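Peer 1: Input: one structure, supplied below.
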Amino acid sequence: MSVQPQSVLIDGVPAASLPATDRGLQYGDGLFETIAVLAGRARLWPWHLRRLGEGCARLGLAAPEASQLAAEVAALTAGEARAVVKLIVTRGDARARGYGVSGSERTRRVLLRYPWAQPGAGARVRLARLRLGENPALAGLKHLNRLEQVLARREHTGSEYDESLLFSSSGALISGTMTNVFLVRAGRLVTPRLDRCGVAGVMRAALMAMAHADGTDIEQGLLTEADLESCEEMFLTNALTGIRPVTELAGRALPAGPLTQRLQRSLSEVLDGRRELQHG
């Protein structure tokens with residue numbers, strides 16, 4: 001994917017830079033969403049809005065108006081058949097030095113448009129050495145401080161691997177650096193619990209809702225490295241790639257098995273607009 005955005009809006013206005021006093025820059029005080037926009041339709045838009053709203057509530061941020069965000073995403077991607085939009089919401093400019101907030105900060109919206117990049121068909125994954133810190137107060141949030149993921153991603157830069165799997169400090173499997181993880185064991189679908197750390201992805205939520213609607217058993221569980229050794233299938237999800245089967249796990253070949261393939265077919269109906277899902 002291109003490093004440079006094709007277009008940027010800050011608070012609805014074309015711009016190229018943020019004030020140095022922005023709390024998102026100074027403290028990572030904010031949230032973000034990565035959105036696939038296809039033929040003018042922001043995919044999984046209600047799911048993105050819901051997660052953003054819940055995250056703003058937990059951080060004490062004033063959530064942007066949904067209609068305003070929708071209009072800005074539409075303006076940013078007008079005429080584009082496919083695009084990726086990164087939406088960043090920060091607490092805005094610091095009103096005083098230090099971590100404390102005055103309550104008078106004004107939420108800032110930053111939208112960046114990138115070209116679409118087609119993901120690979122299968123993923124080769126490894127186990128990261130880095131361990132995620134456990135902090136239930138931030139668990140599930142897609143907040144701006146991603147330094148753990150930056151360090152973990154460096155571990156496989158320049159290698160043949162596409163992703164690294166992350167465990168928490170207590171040894172629980174959590175996610176990939178930019179993906180959520182699903183395993184198939186004894187024909188059952190299971191995904192890690194995210195009550196200690198990790199990001200609760202919108203594609204993860206949509207897939208679980210779809211699986212539930214289709215009568216597919218799915219469990220959110222406490223998983224460890226031992227569970228990886230016994231899994232029959234594995235796939236990764238994020239907002240851009242949908243379901244990406246894991247074809248190699250730390251040197252062990254894995255098939256894109258029947259359950260993964262069935263879920264891929266069902267999810268494609270959701271992602272191209274042929275099927276609607278209830279989102280809460």
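Convention: chains lettered A, B, ... in structure tokens order; per-chain residue numbering from 1; ligands numbered from 1 as shown.
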Can you tell me which residues surround A:Leu207 at a distance of at most 9 Å, considering only C-alpha atoms, apart from same-chain residues fewer than 2 positions away, and format the answer as a ChimeraX atom specification?
Peer 2: /A:202-205,209-212,237,242-243,263,267
Peer 1: At a cut-off of 12 Å, using only C-alpha atoms, what residues contact A:Ala42? Leave out same-chain residues fewer than 3 positions from it and give the result as a PyMOL selection string.
Peer 2: chain A and resi 33-39+45-49+69-78+80-87+239-240+271-273
Peer 1: Any chance you could list, as a ChimeraX atom specification, the residues in stretch 156-198 of chain A that come up strand (DSSP E) when DSSP is run on the backbone?
Peer 2: /A:163-168,173-176,180-185,188-192
Peer 1: Dump C-alpha atoms for the selected residues as a compact mmCIF listing (two decimals), in the first residue's frame?
Peer 2:
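Result file follows (selection-v5.txt):
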```txt
# COMPACT_ATOMS: atom_id res chain seq x y z
CA GLU A 163 2.01 -11.48 9.96
CA SER A 164 3.13 -12.16 13.53
CA LEU A 165 0.84 -13.57 16.20
CA LEU A 166 0.84 -11.71 19.50
CA PHE A 167 0.46 -13.10 23.02
CA SER A 168 -0.19 -11.14 26.20
CA LEU A 173 -3.09 -15.56 22.39
CA ILE A 174 -4.57 -12.17 21.44
CA SER A 175 -4.23 -11.27 17.74
CA GLY A 176 -1.87 -10.52 14.91
CA ASN A 180 -7.80 -10.73 14.58
CA VAL A 181 -7.34 -14.49 14.78
CA PHE A 182 -9.78 -17.39 14.40
CA LEU A 183 -8.98 -21.08 14.91
CA VAL A 184 -10.90 -24.21 13.98
CA ARG A 185 -10.53 -27.02 16.51
CA ARG A 188 -15.58 -25.62 16.10
CA LEU A 189 -14.71 -21.98 15.55
CA VAL A 190 -12.92 -20.14 18.36
CA THR A 191 -11.36 -16.68 18.68
CA PRO A 192 -9.34 -15.15 21.53
```
Peer 1: Using only C-alpha atoms, pick whichever of A:Glu54, A:Asp29, A:Asp93, A:Glu65 has the shortest atom-to-atom distance to A:Gly140.
Peer 2: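 Under the stated criterion, the closest residue is A:Glu54.
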Peer 1: So that I can check the secondary structure, give me every residue of stretch 123-230 of chain A assigned alpha helix (DSSP H) by backbone DSSP, as number ranges by chain.
Peer 2: A: 147-155, 202-213, 225-230
Peer 1: Pick out the closest residue to A:Tyr114 from this set: A:Ala226, A:Cys197, A:Cys56, A:Val3. Count only C-alpha atoms.
Peer 2: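 Of all the options, A:Val3 lies closest to A:Tyr114.
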Peer 1: Can you tell me which residues surround A:Ser159 at a distance of at most 12 Å, considering only C-alpha atoms, apart from same-chain residues fewer than 5 positions away, and format the answer as a PyMOL selection string?
Peer 2: chain A and resi 124-126+153-154+164
Peer 1: List the neighbours of A:Ala172 out to 8 Å using only C-alpha atoms; skip same-chain residues closer than 3 positions along the sequence, and give me the result as a PyMOL selection string.
Peer 2: chain A and resi 167-169+222-225
Peer 1: Selection from above, N, CA and C atoms, as a short mmCIF file (atom, residue, chain, number, x, y, z; two decimals), in the first residue's frame, can you write it?
Peer 2:
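Okay, this is what ended up in out-v1.cif:
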```
data_model
loop_
_atom_site.label_atom_id
_atom_site.label_comp_id
_atom_site.auth_asym_id
_atom_site.auth_seq_id
_atom_site.Cartn_x
_atom_site.Cartn_y
_atom_site.Cartn_z
N PHE A 167 0.96 -12.58 21.75
CA PHE A 167 0.46 -13.10 23.02
C PHE A 167 0.56 -12.00 24.06
N SER A 168 -0.26 -12.11 25.10
CA SER A 168 -0.19 -11.14 26.20
C SER A 168 0.92 -11.52 27.16
N SER A 169 1.17 -10.65 28.13
CA SER A 169 2.23 -10.89 29.11
C SER A 169 1.98 -12.14 29.93
N LEU A 222 -10.05 -18.29 26.18
CA LEU A 222 -8.68 -18.03 26.60
C LEU A 222 -7.79 -19.06 25.92
N LEU A 223 -7.02 -18.62 24.93
CA LEU A 223 -6.21 -19.51 24.12
C LEU A 223 -4.73 -19.30 24.41
N THR A 224 -3.96 -20.35 24.24
CA THR A 224 -2.52 -20.29 24.46
C THR A 224 -1.80 -20.87 23.24
N GLU A 225 -0.47 -20.92 23.32
CA GLU A 225 0.30 -21.46 22.20
C GLU A 225 -0.05 -22.92 21.95
#
```
Peer 1: So, counting only C-alpha atoms, which residue among A:Ala139, A:Leu25, A:Leu147, A:Ile88 is closest to A:Gly201?
Peer 2: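 Using only C-alpha atoms, the shortest distance to A:Gly201 belongs to A:Ala139.
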Peer 1: Which distance in Å separates atom CA of A:Ala186 and atom CA of A:Leu259, to one decimal?
Peer 2: 11.1 Å
Peer 1: Rounded to one decimal in Å, what is the spacing between atom CA of A:Gly158 and atom CA of A:Leu144?
Peer 2: 24.9 Å
Peer 1: Which residue out of A:Arg95, A:Ser170, A:Lys142, A:Pro258 has the minimum interatomic distance to A:Arg196 when only C-alpha atoms are used?
Peer 2: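 Between A:Arg95, A:Ser170, A:Lys142, A:Pro258, the residue approaching A:Arg196 most closely is A:Ser170.
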Peer 1: Could you jot down the atom CA of A:Thr247 to atom CA of A:Glu232 separation for me, Å, one decimal place?
Peer 2: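 Between these atoms lies a distance of 11.0 Å.
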Peer 1: Ranking A:Glu269, A:Asp217, A:Gln68, A:Gln261 by minimum distance to A:Leu111 and counting only C-alpha atoms, which one comes first?
Peer 2: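 Answer, going by the shortest atom-to-atom distance: A:Gln68.
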